[in-house]
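Text of the file input.txt, holding compact mmCIF, C-alpha atoms:
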# COMPACT_ATOMS: atom_id res chain seq x y z
CA MET A 1 31.77 10.36 10.30
CA MET A 2 31.48 11.27 6.63
CA ARG A 3 32.39 7.73 5.59
CA LEU A 4 29.78 6.31 7.95
CA PHE A 5 27.19 8.69 6.50
CA ILE A 6 27.97 7.60 2.94
CA LEU A 7 27.98 3.94 3.98
CA ALA A 8 24.60 4.37 5.72
CA LEU A 9 23.24 6.19 2.68
CA GLY A 10 24.48 3.39 0.41
CA PHE A 11 22.87 0.69 2.52
CA MET A 12 19.71 2.75 2.74
CA LEU A 13 19.52 2.93 -1.06
CA ILE A 14 20.04 -0.84 -1.27
CA GLY A 15 17.23 -1.11 1.29
CA VAL A 16 15.00 1.10 -0.87
CA TRP A 17 15.66 -1.13 -3.88
CA LEU A 18 14.90 -4.25 -1.85
CA ASN A 19 11.74 -2.66 -0.42
CA ILE A 20 10.22 -1.53 -3.69
CA VAL A 21 11.52 -4.09 -6.17
CA PHE A 22 12.58 -7.24 -4.36
CA ASN A 23 9.52 -7.21 -2.06
CA ASN A 24 7.33 -6.96 -5.12
CA TYR A 25 8.40 -10.38 -6.33
CA PHE A 26 9.47 -12.23 -3.20
CA GLN A 27 7.41 -12.24 -0.03
CA LEU A 28 7.57 -14.79 2.76
CA GLY A 29 4.13 -15.52 4.15
CA GLY A 30 2.72 -12.49 2.35
CA LEU A 31 4.81 -10.18 4.55
CA LYS A 32 6.95 -7.41 3.14
CA ILE A 33 10.24 -7.22 4.98
CA ASN A 34 11.34 -3.69 5.79
CA TRP A 35 14.93 -4.00 4.57
CA MET A 36 15.66 -0.33 5.13
CA LEU A 37 14.83 -0.64 8.82
CA ILE A 38 17.00 -3.74 9.24
CA PHE A 39 19.97 -2.06 7.57
CA MET A 40 19.59 1.02 9.76
CA LEU A 41 19.18 -1.04 12.93
CA VAL A 42 22.20 -3.23 12.21
CA LEU A 43 24.28 -0.17 11.42
CA THR A 44 23.11 1.48 14.66
CA PHE A 45 24.04 -1.59 16.67
CA ARG A 46 27.52 -1.54 15.17
CA HIS A 47 28.02 2.23 15.15
CA PRO A 48 25.94 3.92 17.84
CA SER A 49 26.40 7.33 16.23
CA LEU A 50 23.67 9.95 16.43
CA LEU A 51 24.01 10.40 12.69
CA LEU A 52 22.16 7.17 11.96
CA PRO A 53 18.76 8.13 13.47
CA PHE A 54 18.80 11.18 11.21
CA VAL A 55 19.58 9.04 8.16
CA GLY A 56 16.73 6.86 9.44
CA VAL A 57 14.39 9.85 9.16
CA LEU A 58 15.17 10.00 5.45
CA ALA A 59 14.57 6.25 5.10
CA GLY A 60 11.26 6.62 6.93
CA LEU A 61 10.15 9.46 4.68
CA ILE A 62 10.88 7.33 1.61
CA CYS A 63 8.80 4.55 3.18
CA ASP A 64 5.99 7.05 3.78
CA ALA A 65 6.04 8.27 0.20
CA LEU A 66 5.87 4.73 -1.15
CA SER A 67 3.00 3.58 1.05
CA HIS A 68 0.20 5.59 2.70
CA GLY A 69 1.45 9.08 1.81
CA ILE A 70 1.21 10.51 5.34
CA MET A 71 4.71 11.97 5.25
CA GLY A 72 6.55 11.76 8.55
CA LEU A 73 4.78 8.78 10.08
CA TYR A 74 7.54 6.25 9.42
CA GLY A 75 10.03 9.12 9.71
CA ILE A 76 9.07 9.47 13.37
CA SER A 77 8.90 5.75 14.08
CA PHE A 78 12.30 5.10 12.46
CA PHE A 79 13.84 8.06 14.31
CA VAL A 80 12.49 7.05 17.72
CA THR A 81 13.37 3.38 17.17
CA LEU A 82 16.95 4.15 16.17
CA LEU A 83 17.35 6.55 19.11
CA LEU A 84 16.14 3.78 21.40
CA ALA A 85 18.43 1.27 19.71
CA ARG A 86 21.35 3.56 20.54
CA GLN A 87 20.37 3.36 24.19
CA VAL A 88 19.64 -0.37 24.11
CA ILE A 89 23.08 -1.15 22.74
CA LYS A 90 24.64 0.38 25.84
CA SER A 91 23.14 -2.31 28.05
CA PHE A 92 22.63 -5.17 25.60
CA TYR A 93 25.61 -6.82 23.98
CA ALA A 94 24.64 -7.27 20.33
CA ASN A 95 27.62 -8.32 18.33
CA THR A 96 26.87 -11.89 17.31
CA PHE A 97 24.50 -13.02 14.60
CA PHE A 98 22.07 -14.37 17.17
CA SER A 99 22.10 -11.39 19.52
CA VAL A 100 21.78 -8.88 16.68
CA GLY A 101 18.87 -10.95 15.32
CA ILE A 102 17.14 -10.83 18.70
CA ALA A 103 17.79 -7.10 19.02
CA VAL A 104 16.41 -6.42 15.52
CA LEU A 105 13.34 -8.53 16.33
CA GLY A 106 12.64 -6.46 19.42
CA MET A 107 13.31 -3.13 17.76
CA SER A 108 11.22 -4.07 14.68
CA PHE A 109 8.30 -4.89 16.92
CA PHE A 110 8.76 -1.58 18.71
CA GLU A 111 8.87 0.29 15.39
CA GLY A 112 5.70 -1.46 14.21
CA TRP A 113 3.93 -0.63 17.43
CA ILE A 114 4.99 3.04 17.27
CA SER A 115 3.88 3.43 13.64
CA LEU A 116 0.54 1.72 14.29
CA SER A 117 -0.03 3.87 17.36
CA ILE A 118 0.54 7.05 15.35
CA LEU A 119 -1.58 5.71 12.50
CA GLY A 120 -4.33 4.97 15.00
CA GLN A 121 -4.54 8.70 15.76
CA PHE A 122 -5.53 9.35 12.15
CA GLU A 123 -7.64 6.27 11.53
CA GLU A 124 -9.93 5.50 14.42
CA SER A 125 -11.33 2.35 12.87
CA LEU A 126 -7.88 0.76 12.71
CA ASN A 127 -7.81 -2.53 14.59
CA GLN A 128 -4.37 -2.13 16.10
CA PHE A 129 -4.32 -5.31 18.15
CA SER A 130 -5.29 -7.43 15.16
CA LEU A 131 -2.65 -5.80 12.97
CA ILE A 132 0.02 -6.24 15.64
CA MET A 133 -0.79 -9.94 15.95
CA THR A 134 -1.17 -10.68 12.25
CA SER A 135 1.40 -8.34 10.76
CA THR A 136 3.79 -6.60 13.16
CA LEU A 137 4.76 -9.59 15.30
CA PRO A 138 5.30 -12.12 12.47
CA LEU A 139 7.15 -9.47 10.51
CA ALA A 140 9.42 -8.69 13.46
CA VAL A 141 10.23 -12.40 13.78
CA LEU A 142 10.90 -12.63 10.04
CA GLN A 143 13.12 -9.57 10.15
CA GLY A 144 15.01 -11.05 13.08
CA LEU A 145 15.56 -14.23 11.05
CA VAL A 146 16.95 -12.45 7.99
CA THR A 147 19.14 -10.14 10.08
CA PRO A 148 22.26 -12.40 9.92
CA ILE A 149 22.31 -11.97 6.13
CA ILE A 150 22.09 -8.20 6.46
CA LEU A 151 24.69 -8.20 9.23
CA GLN A 152 27.09 -10.15 7.03
CA SER A 153 26.59 -7.72 4.14
CA VAL A 154 27.09 -4.76 6.49
CA ILE A 155 30.35 -6.33 7.72
CA TRP A 156 31.48 -6.72 4.10
CA GLY A 157 30.50 -3.13 3.38
CA GLU A 158 32.47 -1.91 6.37
CA LYS A 159 35.51 -3.91 5.34
CA LEU A 160 35.33 -2.40 1.90
CA TYR A 161 34.66 1.17 2.86
CA LEU A 162 35.56 1.74 6.51
CA ARG A 163 38.67 -0.42 6.82
CA ASP A 164 41.06 2.53 6.89
CA ALA A 165 38.69 4.91 8.62
CA ALA A 166 39.90 4.04 12.11
CA MET B 167 21.67 31.79 25.11
CA PHE B 168 24.44 30.58 22.81
CA LYS B 169 25.94 28.58 25.68
CA PHE B 170 22.57 26.98 26.38
CA ILE B 171 22.15 25.97 22.73
CA SER B 172 25.71 24.71 22.58
CA THR B 173 25.26 22.63 25.75
CA TYR B 174 21.95 21.09 24.78
CA ARG B 175 22.39 20.99 20.99
CA LEU B 176 21.89 17.22 20.92
CA TYR B 177 18.52 17.33 22.67
CA ILE B 178 17.48 20.44 20.79
CA SER B 179 18.20 18.77 17.44
CA ILE B 180 16.24 15.64 18.46
CA VAL B 181 13.24 17.65 19.67
CA ALA B 182 13.37 19.92 16.60
CA THR B 183 13.42 16.88 14.29
CA LEU B 184 10.47 15.30 16.05
CA ILE B 185 8.47 18.54 15.97
CA GLY B 186 9.30 19.00 12.28
CA LEU B 187 8.19 15.47 11.46
CA PHE B 188 4.95 15.83 13.41
CA LEU B 189 4.15 19.09 11.63
CA LEU B 190 4.94 17.50 8.27
CA MET B 191 2.73 14.52 9.11
CA TYR B 192 -0.28 16.63 10.11
CA GLN B 193 0.15 18.87 7.10
CA THR B 194 0.28 15.99 4.60
CA HIS B 195 -2.59 14.21 6.33
CA ASN B 196 -4.84 17.25 5.97
CA GLU B 197 -3.63 18.13 2.48
CA LYS B 198 -6.04 17.56 -0.40
CA GLY B 199 -3.38 16.96 -3.03
CA THR B 200 -0.14 15.01 -3.10
CA SER B 201 2.78 16.44 -1.12
CA ARG B 202 5.84 17.63 -3.03
CA LEU B 203 8.09 15.35 -1.03
CA GLN B 204 6.02 12.35 -2.02
CA ILE B 205 6.01 13.43 -5.65
CA ALA B 206 9.80 13.78 -5.53
CA VAL B 207 10.33 10.33 -4.00
CA GLN B 208 7.89 8.66 -6.39
CA THR B 209 9.46 10.39 -9.38
CA LEU B 210 12.94 9.30 -8.32
CA THR B 211 11.94 5.70 -7.67
CA TYR B 212 9.81 5.35 -10.79
CA PRO B 213 12.68 4.43 -13.20
CA LEU B 214 13.85 1.77 -10.76
CA GLN B 215 10.44 0.14 -10.52
CA ALA B 216 9.50 0.61 -14.15
CA SER B 217 12.74 -0.86 -15.50
CA VAL B 218 12.62 -3.93 -13.26
CA HIS B 219 8.93 -4.38 -13.98
CA SER B 220 9.57 -4.10 -17.70
CA ALA B 221 12.43 -6.62 -17.58
CA ALA B 222 10.43 -9.01 -15.41
CA SER B 223 7.36 -8.71 -17.66
CA THR B 224 9.42 -9.32 -20.77
CA PHE B 225 11.03 -12.39 -19.28
CA SER B 226 7.72 -13.62 -17.91
CA ASN B 227 5.96 -13.13 -21.23
CA LEU B 228 8.78 -14.86 -23.07
CA TRP B 229 8.65 -17.80 -20.72
CA ASN B 230 4.86 -18.10 -20.69
CA SER B 231 4.27 -17.50 -24.38
CA TYR B 232 7.14 -19.26 -26.11
CA ILE B 233 8.72 -21.78 -23.83
CA SER B 234 6.21 -23.12 -21.37
CA LEU B 235 3.12 -24.84 -22.74
CA ILE B 236 2.46 -22.50 -25.64
CA GLU B 237 -0.85 -23.93 -26.73
CA VAL B 238 -2.25 -24.54 -23.26
CA ASN B 239 -1.37 -21.05 -22.25
CA GLU B 240 -3.07 -19.54 -25.28
CA GLU B 241 -6.17 -21.63 -24.75
CA ASN B 242 -6.23 -20.75 -21.10
CA LYS B 243 -6.04 -17.06 -21.94
CA ARG B 244 -8.86 -17.41 -24.46
CA LEU B 245 -11.09 -19.28 -22.03
CA LYS B 246 -10.44 -16.77 -19.25
CA GLN B 247 -11.30 -13.98 -21.64
CA GLN B 248 -14.53 -15.74 -22.58
CA LEU B 249 -15.37 -16.20 -18.93
CA LEU B 250 -14.81 -12.51 -18.26
CA ASP B 251 -16.94 -11.61 -21.27
CA MET B 252 -19.76 -13.80 -19.99
CA GLU B 253 -19.44 -12.32 -16.54
CA GLU B 254 -19.65 -8.85 -17.97
CA LYS B 255 -22.70 -9.73 -20.05
CA LEU B 256 -24.44 -11.18 -17.01
CA SER B 257 -23.69 -8.04 -15.03
CA GLN B 258 -25.07 -5.82 -17.76
CA HIS B 259 -28.17 -7.96 -18.16
CA ILE B 260 -29.10 -7.83 -14.49
CA GLU B 261 -28.38 -4.15 -14.24
CA SER B 262 -30.47 -3.37 -17.30
CA SER B 263 -33.48 -5.27 -15.99
CA VAL B 264 -33.38 -3.58 -12.59
CA GLN B 265 -32.83 -0.10 -13.86
CA PHE B 266 -35.25 1.09 -16.51
CA SER B 267 -35.02 2.03 -20.11
CA ARG B 268 -34.75 5.71 -19.29
CA LEU B 269 -31.23 5.08 -18.09
CA ARG B 270 -30.08 2.85 -20.90
CA ALA B 271 -29.21 5.60 -23.31
CA GLN B 272 -26.89 7.13 -20.75
CA LEU B 273 -25.38 3.80 -19.89
CA LEU B 274 -24.55 3.00 -23.46
CA PHE B 275 -23.24 6.49 -23.94
CA ALA B 276 -20.87 6.06 -21.01
CA GLN B 277 -19.84 2.66 -22.24
CA LYS B 278 -18.96 3.89 -25.68
CA LYS B 279 -16.65 6.60 -24.44
CA ALA B 280 -13.38 4.70 -24.70
CA SER B 281 -11.38 7.88 -24.31
CA GLU B 282 -12.60 8.20 -20.74
CA LYS B 283 -10.51 5.24 -19.67
CA ILE B 284 -6.73 5.16 -19.32
CA PHE B 285 -4.89 1.87 -19.31
CA ALA B 286 -2.19 1.42 -16.65
CA GLU B 287 0.13 -1.33 -15.52
CA ILE B 288 0.81 -2.10 -11.88
CA ILE B 289 4.52 -1.67 -11.23
CA GLY B 290 4.73 -1.89 -7.48
CA GLU B 291 3.12 -2.29 -4.11
CA SER B 292 3.01 -0.38 -0.88
CA ALA B 293 6.32 -0.45 0.95
CA ASP B 294 4.61 -1.48 4.18
CA ASN B 295 2.28 -4.26 5.29
CA THR B 296 -0.41 -2.06 6.82
CA HIS B 297 -1.84 -0.54 3.67
CA GLN B 298 -3.24 -1.99 0.47
CA ILE B 299 -1.64 0.33 -2.08
CA ARG B 300 -0.53 -0.40 -5.66
CA LEU B 301 1.68 1.80 -7.82
CA ILE B 302 0.72 2.29 -11.47
CA ASN B 303 2.80 3.59 -14.36
CA ARG B 304 0.55 6.54 -15.20
CA GLY B 305 0.63 9.92 -13.53
CA SER B 306 -0.18 13.58 -13.91
CA ASN B 307 1.55 13.59 -17.32
CA GLN B 308 -1.29 11.34 -18.49
CA LEU B 309 -3.90 13.67 -16.92
CA LEU B 310 -4.50 11.52 -13.87
CA GLN B 311 -5.56 13.24 -10.68
CA ARG B 312 -6.14 12.29 -7.07
CA ASN B 313 -9.45 10.45 -6.43
CA PHE B 314 -9.87 9.24 -10.00
CA VAL B 315 -11.54 5.83 -10.00
CA VAL B 316 -9.57 2.70 -10.87
CA LEU B 317 -11.26 -0.46 -12.12
CA ARG B 318 -10.90 -3.62 -14.11
CA LYS B 319 -13.25 -5.50 -16.32
CA GLU B 320 -14.21 -7.67 -13.35
CA GLY B 321 -15.09 -4.73 -11.10
CA LEU B 322 -13.99 -1.88 -8.88
CA VAL B 323 -10.33 -1.73 -7.84
CA GLY B 324 -10.01 1.54 -5.91
CA ARG B 325 -9.14 5.20 -6.24
CA ILE B 326 -6.00 7.18 -6.92
CA GLN B 327 -4.47 8.27 -3.66
CA SER B 328 -1.55 10.35 -4.88
CA VAL B 329 -0.12 11.40 -8.22
CA SER B 330 3.38 12.19 -9.42
CA PRO B 331 4.36 12.98 -13.03
CA TYR B 332 5.06 9.38 -14.06
CA GLN B 333 3.30 7.19 -11.51
CA SER B 334 0.39 7.16 -9.11
CA SER B 335 -0.51 5.22 -6.02
CA VAL B 336 -3.88 3.48 -5.96
CA GLN B 337 -5.72 2.82 -2.72
CA LEU B 338 -7.49 -0.53 -3.15
CA ILE B 339 -11.04 -0.93 -1.87
CA ILE B 340 -9.75 -3.59 0.55
CA ASP B 341 -7.49 -1.02 2.26
CA HIS B 342 -8.74 -0.42 5.79
CA ARG B 343 -9.20 3.30 5.06
CA SER B 344 -11.45 2.67 2.04
CA ARG B 345 -15.20 3.38 2.14
CA VAL B 346 -17.44 2.81 -0.89
CA PRO B 347 -21.16 3.66 -0.89
CA ALA B 348 -22.82 0.56 -2.30
CA LEU B 349 -26.11 -1.22 -2.87
CA ILE B 350 -27.33 -4.75 -3.32
CA GLN B 351 -28.11 -5.01 -7.02
CA ARG B 352 -31.15 -7.27 -6.64
CA ASN B 353 -33.23 -5.18 -4.24
CA ARG B 354 -31.35 -1.82 -4.10
CA VAL B 355 -30.61 -2.05 -0.38
CA ARG B 356 -27.95 0.49 0.54
CA GLY B 357 -24.85 0.16 2.69
CA LEU B 358 -21.23 1.15 2.96
CA VAL B 359 -18.41 -1.16 1.88
CA TYR B 360 -15.45 -1.00 4.28
CA GLY B 361 -12.02 -2.37 3.51
CA THR B 362 -10.77 -4.75 6.18
CA HIS B 363 -7.22 -5.24 4.90
CA GLU B 364 -7.84 -8.89 4.00
CA GLY B 365 -11.20 -8.31 2.33
CA MET B 366 -14.35 -6.22 2.46
CA GLU B 367 -17.50 -5.85 4.56
CA MET B 368 -20.74 -4.12 3.67
CA ARG B 369 -21.92 -2.39 6.82
CA GLN B 370 -24.86 -0.18 7.83
CA ILE B 371 -27.37 -2.38 6.02
CA ASN B 372 -30.94 -1.87 7.23
CA GLN B 373 -31.75 -4.64 9.70
CA HIS B 374 -35.14 -5.31 8.05
CA SER B 375 -33.75 -5.65 4.54
CA LYS B 376 -33.64 -9.08 2.98
CA ILE B 377 -30.22 -9.97 1.69
CA LYS B 378 -28.88 -13.38 0.91
CA ILE B 379 -25.61 -15.14 0.19
CA GLY B 380 -24.51 -14.58 -3.39
CA ASP B 381 -26.19 -11.18 -3.82
CA ARG B 382 -24.23 -8.91 -6.11
CA VAL B 383 -22.98 -5.65 -4.58
CA ILE B 384 -22.40 -2.63 -6.81
CA SER B 385 -21.32 0.95 -6.19
CA SER B 386 -24.28 3.25 -5.53
CA GLY B 387 -22.75 6.47 -6.84
CA LEU B 388 -23.54 8.32 -3.61
CA GLY B 389 -20.81 10.63 -2.45
CA GLY B 390 -19.76 11.42 -5.98
CA LEU B 391 -16.40 9.64 -5.82
CA TYR B 392 -17.22 6.26 -7.32
CA PRO B 393 -19.56 6.06 -10.33
CA LYS B 394 -22.78 4.09 -10.00
CA GLY B 395 -23.09 0.51 -11.10
CA ILE B 396 -19.56 -0.89 -10.84
CA LEU B 397 -19.44 -4.41 -9.49
CA ILE B 398 -17.72 -4.68 -6.11
CA GLY B 399 -18.35 -8.29 -5.12
CA TRP B 400 -20.78 -10.85 -3.82
CA VAL B 401 -22.22 -11.42 -0.34
CA SER B 402 -20.50 -14.41 1.24
CA GLU B 403 -21.62 -14.17 4.86
CA ILE B 404 -24.29 -12.22 6.74
CA ARG B 405 -23.94 -11.18 10.37
CA HIS B 406 -26.66 -9.69 12.53
CA GLN B 407 -27.12 -9.74 16.29
CA ALA B 408 -30.59 -9.13 17.74
CA HIS B 409 -29.48 -5.97 19.53
CA GLU B 410 -27.79 -4.43 16.49
CA LEU B 411 -29.41 -1.75 14.37
CA PHE B 412 -27.66 -2.79 11.19
CA LYS B 413 -26.68 -5.93 9.38
CA THR B 414 -23.13 -6.58 8.19
CA ALA B 415 -22.28 -8.66 5.13
CA ARG B 416 -18.87 -10.04 4.35
CA LEU B 417 -18.06 -9.81 0.64
CA ASP B 418 -16.08 -11.84 -1.85
CA SER B 419 -14.42 -9.28 -4.10
CA ALA B 420 -15.03 -9.35 -7.84
CA VAL B 421 -11.38 -8.54 -8.45
CA ASP B 422 -8.60 -10.87 -7.37
CA PHE B 423 -6.35 -8.23 -5.82
CA SER B 424 -3.43 -10.60 -5.41
CA ARG B 425 -3.18 -11.10 -9.16
CA ILE B 426 -4.02 -7.79 -10.80
CA GLU B 427 -1.42 -6.59 -13.28
CA GLU B 428 -3.33 -4.06 -15.36
CA VAL B 429 -6.09 -1.59 -14.49
CA PHE B 430 -8.13 1.18 -16.09
CA THR B 431 -8.56 4.66 -14.71
CA ILE B 432 -11.72 6.58 -15.49
CA LEU B 433 -11.38 10.20 -16.47
CA PRO B 434 -14.47 11.98 -15.15
CA SER B 435 -16.98 12.83 -17.86
CA LYS B 436 -17.18 16.50 -18.79
CA SER B 437 -20.94 16.18 -18.91
CA GLY B 438 -20.91 15.59 -15.18
CA SER B 439 -22.67 12.26 -15.42
CA HIS B 440 -21.53 9.83 -12.75
CA LEU B 441 -23.23 6.88 -14.34
CA PHE B 442 -20.92 4.20 -15.58
CA ILE B 443 -21.44 0.56 -16.35
CA GLU B 444 -18.55 -1.58 -17.43

Would you mind writing the file's structure down as C-alpha cells?
Amino acid sequence: MMRLFILALGFMLIGVWLNIVFNNYFQLGGLKINWMLIFMLVLTFRHPSLLLPFVGVLAGLICDALSHGIMGLYGISFFVTLLLARQVIKSFYANTFFSVGIAVLGMSFFEGWISLSILGQFEESLNQFSLIMTSTLPLAVLQGLVTPIILQSVIWGEKLYLRDAA
Amino acid sequence: MFKFISTYRLYISIVATLIGLFLLMYQTHNEKGTSRLQIAVQTLTYPLQASVHSAASTFSNLWNSYISLIEVNEENKRLKQQLLDMEEKLSQHIESSVQFSRLRAQLLFAQKKASEKIFAEIIGESADNTHQIRLINRGSNQLLQRNFVVLRKEGLVGRIQSVSPYQSSVQLIIDHRSRVPALIQRNRVRGLVYGTHEGMEMRQINQHSKIKIGDRVISSGLGGLYPKGILIGWVSEIRHQAHELFKTARLDSAVDFSRIEEVFTILPSKSGSHLFIE
C-alpha cells in the first residue's frame, strides 16, 4: 500500500510537471491534456485501491490552484471520477492498450462533465454545452489517444518500484 | 457507535472528503483574497515554471538573435516596434480630441508615472482548458495585489486573480468570467465587454446608438476596477434582432492573447485617480 502511494505520488508529480510546463509549450489542437488525470486513471485501472481517489483529490487541488482558483472543484471531480473508475473496472476489462484508452476516454469525458456542471453552479453565464462540444469531448478523445504512452510508462514504473511488492 | 464507524468507515471517509471539498470550494469562491492552499501550490510550483521558462527563453533568444536570420529578425523587431508606436500615437490622438483639454493634464500626469507600472513575464498558463488564465513571475513580494490591472502597450490584458509571494495568476479579458465596463471611443456609447473564451463581445449597447464596424472600444472606468481609456479592441460584427432591447458587438481584441510574453501591471495611484492612458 505504501509503495503504491509513493508510486502514485511520483506519477502525480510527473503529471504536474507535464501539466504546467510541457502543456505550456506543446498543445495539440490548442487543447491542454490533463496528464495528472490520465496517470491517476491508468493507475486506478491497474490497482483499484481506494487510496488512489484520495491521491486524486490532491492532484485535483493542484489543478484548482493552477487554474481558476476555486479550490476543491477539480478535487471533487477527480475524486468522483476515480471512485467511479474503481467501480467501472469491476465490470469492464481494461488491461490492453486499446481498452484502457477507451476507458480513459470515457472517464475523462465524465470528469469534464462533472467539473463543468459544478462550475456552472458558480457561473450562470457558462455555456456548458458549447464547452463540452468544443473542449471536453475533443480533449477526452485526445487523452484516450495518448493513454497507451502513459500506460507504458506506468508499467515501467511498476516494474521498477513494485516488482517485489507482491 | 464505534462499531458503526468501524463498519462504515469507507463510506464515512468518502462522504467526509466530499463534504470537506465542497466546503473548501464554497469558501474559496466567496473569499476576497487568495486562499492559502493556492498560495502554497503556486509558491511550490513557481521554481519549476520559472526555471523552465528561463531556460526556454534563453535558448529561444539565442536561436532567434544569433543563429536564425539575425538581420531580418532585428529589422522585424524594429518595424513591429514602430508599428506599435504608431498605433499608440493614433490612440492618444483620438482620445485627446474626444476628451477635452481639462483632462489632458491628468492624462499626461498618469502617463509620466513610470513607477506605477510593474513589468512581468508570462511563465505559464492555466492548467485547464476552461479558463483563460496566465501566470506571471511577479507576486506579493513585488507589491502586487488581487484585482490589479494588467495591460500591454497594445491594450488591456486583464486583472490579477490571485497572488502568491513569487507569482500571480492573471484572468484575461477573454475569460468567460471577465466583465469590463467599456465605451465606444468615437461616440461614447456605453456597454459591457464579456469574455467568451475565444474572444470578446460588447453587450448591453443601447439599441438606438449608432455603432459601426471598426469602432474602437476602450475601458470606461466605471466600476473602479479598470482605469478609463485603455484600448480593448475594435468592433468586428454587430448583432441586433428587432425584438431585442440591446445591441451586441463582437470585438477583435487589441492584444494577441496567443502570443503575449510580457505584460505590465498598474499599481493604483495614491491620488485615487482612475484615469490612465497608455

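Nearest to Met2 in chain A of all the residues A:Tyr161, A:Ala85, A:Arg46, A:Glu123 is A:Tyr161, counting all atoms listed in the file.
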
Counting all atoms listed in the file, which residues in chain B sit no more than 7 Å from chain A? For each one, give the nearest pair of atoms and the distance in Å, sorted by chain then residue number, as CSV.
residue,atom,partner,partner_atom,distance
B:Leu184,CA,A:Ile76,CA,6.6
B:Leu187,CA,A:Gly72,CA,5.0
B:Phe188,CA,A:Gly72,CA,6.5
B:Leu190,CA,A:Gly72,CA,6.0
B:Met191,CA,A:Gly72,CA,4.7
B:Thr194,CA,A:Ile70,CA,5.6
B:His195,CA,A:Ile70,CA,5.4
B:Gln204,CA,A:Ala65,CA,4.6
B:Val207,CA,A:Ala65,CA,6.3
B:Gln208,CA,A:Leu66,CA,6.9
B:Gln215,CA,A:Val21,CA,6.2
B:Gly290,CA,A:Asn24,CA,6.2
B:Glu291,CA,A:Asn24,CA,6.4
B:Ser292,CA,A:Ser67,CA,4.4
B:Ala293,CA,A:Ser67,CA,5.2
B:Asp294,CA,A:Ser67,CA,6.2
B:Asn295,CA,A:Lys32,CA,6.0
B:His297,CA,A:His68,CA,6.5
B:Ile299,CA,A:Ser67,CA,6.5

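We find CA of Leu310 in chain B and CA of Thr431 in chain B to be spaced 8.0 Å apart.
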
Gap from CA of Ser328 in chain B to CA of Arg425 in chain B - Å, one decimal: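 Distance between the two atoms: 21.9 Å.
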
Between CA of Asn95 in chain A and CA of Leu176 in chain B, distance in Å (one decimal):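 CA of Asn95 in chain A sits 26.3 Å away from CA of Leu176 in chain B.
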
Close residues, Thr362 in chain B itself excluded, 12 Å, all atoms listed in the file, min 2 positions apart in chain, as an NGL selection string: (:A and (125-127 or 130-131)) or (:B and (296-298 or 338-345 or 359-360 or 364-369 or 416-419))

Shortest interatomic distance to Leu137 in chain A - which of A:Phe78, A:Phe45, A:Phe39, A:Trp113, counting only C-alpha atoms: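 For Leu137 in chain A, the nearest of the candidates is A:Trp113.
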
Counting all atoms listed in the file, the residue of B:Glu253, B:Pro347, B:Ala216, B:Lys169 that sits nearest Lys394 in chain B: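 For Lys394 in chain B, the nearest of the given residues is B:Pro347.
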
Nearest residue to Leu41 in chain A from the set A:Val141, A:Glu111, A:Lys90, A:Phe26 (distances using only C-alpha atoms): A:Glu111

Shell of 7 Å around range 332-337 of chain B, all atoms listed in the file, local chain residues under 6 positions omitted, as a PyMOL selection string: chain B and resi 209+212+298-307+324-326

Using C-alpha atoms, can you export the residues from the last selection as a short mmCIF file (atom, residue, chain, number, x, y, z; two decimals), in the coordinates of the input?
data_model
loop_
_atom_site.label_atom_id
_atom_site.label_comp_id
_atom_site.auth_asym_id
_atom_site.auth_seq_id
_atom_site.Cartn_x
_atom_site.Cartn_y
_atom_site.Cartn_z
CA THR B 209 9.46 10.39 -9.38
CA TYR B 212 9.81 5.35 -10.79
CA GLN B 298 -3.24 -1.99 0.47
CA ILE B 299 -1.64 0.33 -2.08
CA ARG B 300 -0.53 -0.40 -5.66
CA LEU B 301 1.68 1.80 -7.82
CA ILE B 302 0.72 2.29 -11.47
CA ASN B 303 2.80 3.59 -14.36
CA ARG B 304 0.55 6.54 -15.20
CA GLY B 305 0.63 9.92 -13.53
CA SER B 306 -0.18 13.58 -13.91
CA ASN B 307 1.55 13.59 -17.32
CA GLY B 324 -10.01 1.54 -5.91
CA ARG B 325 -9.14 5.20 -6.24
CA ILE B 326 -6.00 7.18 -6.92
#

Of the listed residues B:Asn353, B:Ser201, B:Gln327, B:Thr173, that which approaches Arg382 in chain B most closely, counting all atoms listed in the file: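 So, comparing all the options, the nearest one is B:Asn353.
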
Ala140 in chain A environment, 6 Å, all atoms listed in the file, sequence neighbours closer than 5 positions dropped, as a list in words: Leu105, Ser108 and Phe109 of chain A

Those selected residues, please, written with C-alpha atoms and delivered as a short mmCIF file (atom, residue, chain, number, x, y, z; two decimals), keeping the file's coordinate frame.
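File written: part15.cif
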data_model
loop_
_atom_site.label_atom_id
_atom_site.label_comp_id
_atom_site.auth_asym_id
_atom_site.auth_seq_id
_atom_site.Cartn_x
_atom_site.Cartn_y
_atom_site.Cartn_z
CA LEU A 105 13.34 -8.53 16.33
CA SER A 108 11.22 -4.07 14.68
CA PHE A 109 8.30 -4.89 16.92
#

Residue among A:Leu84, A:Leu4, A:Ala103, A:Met36 lying closest to Leu52 in chain A, counting only C-alpha atoms: A:Leu4
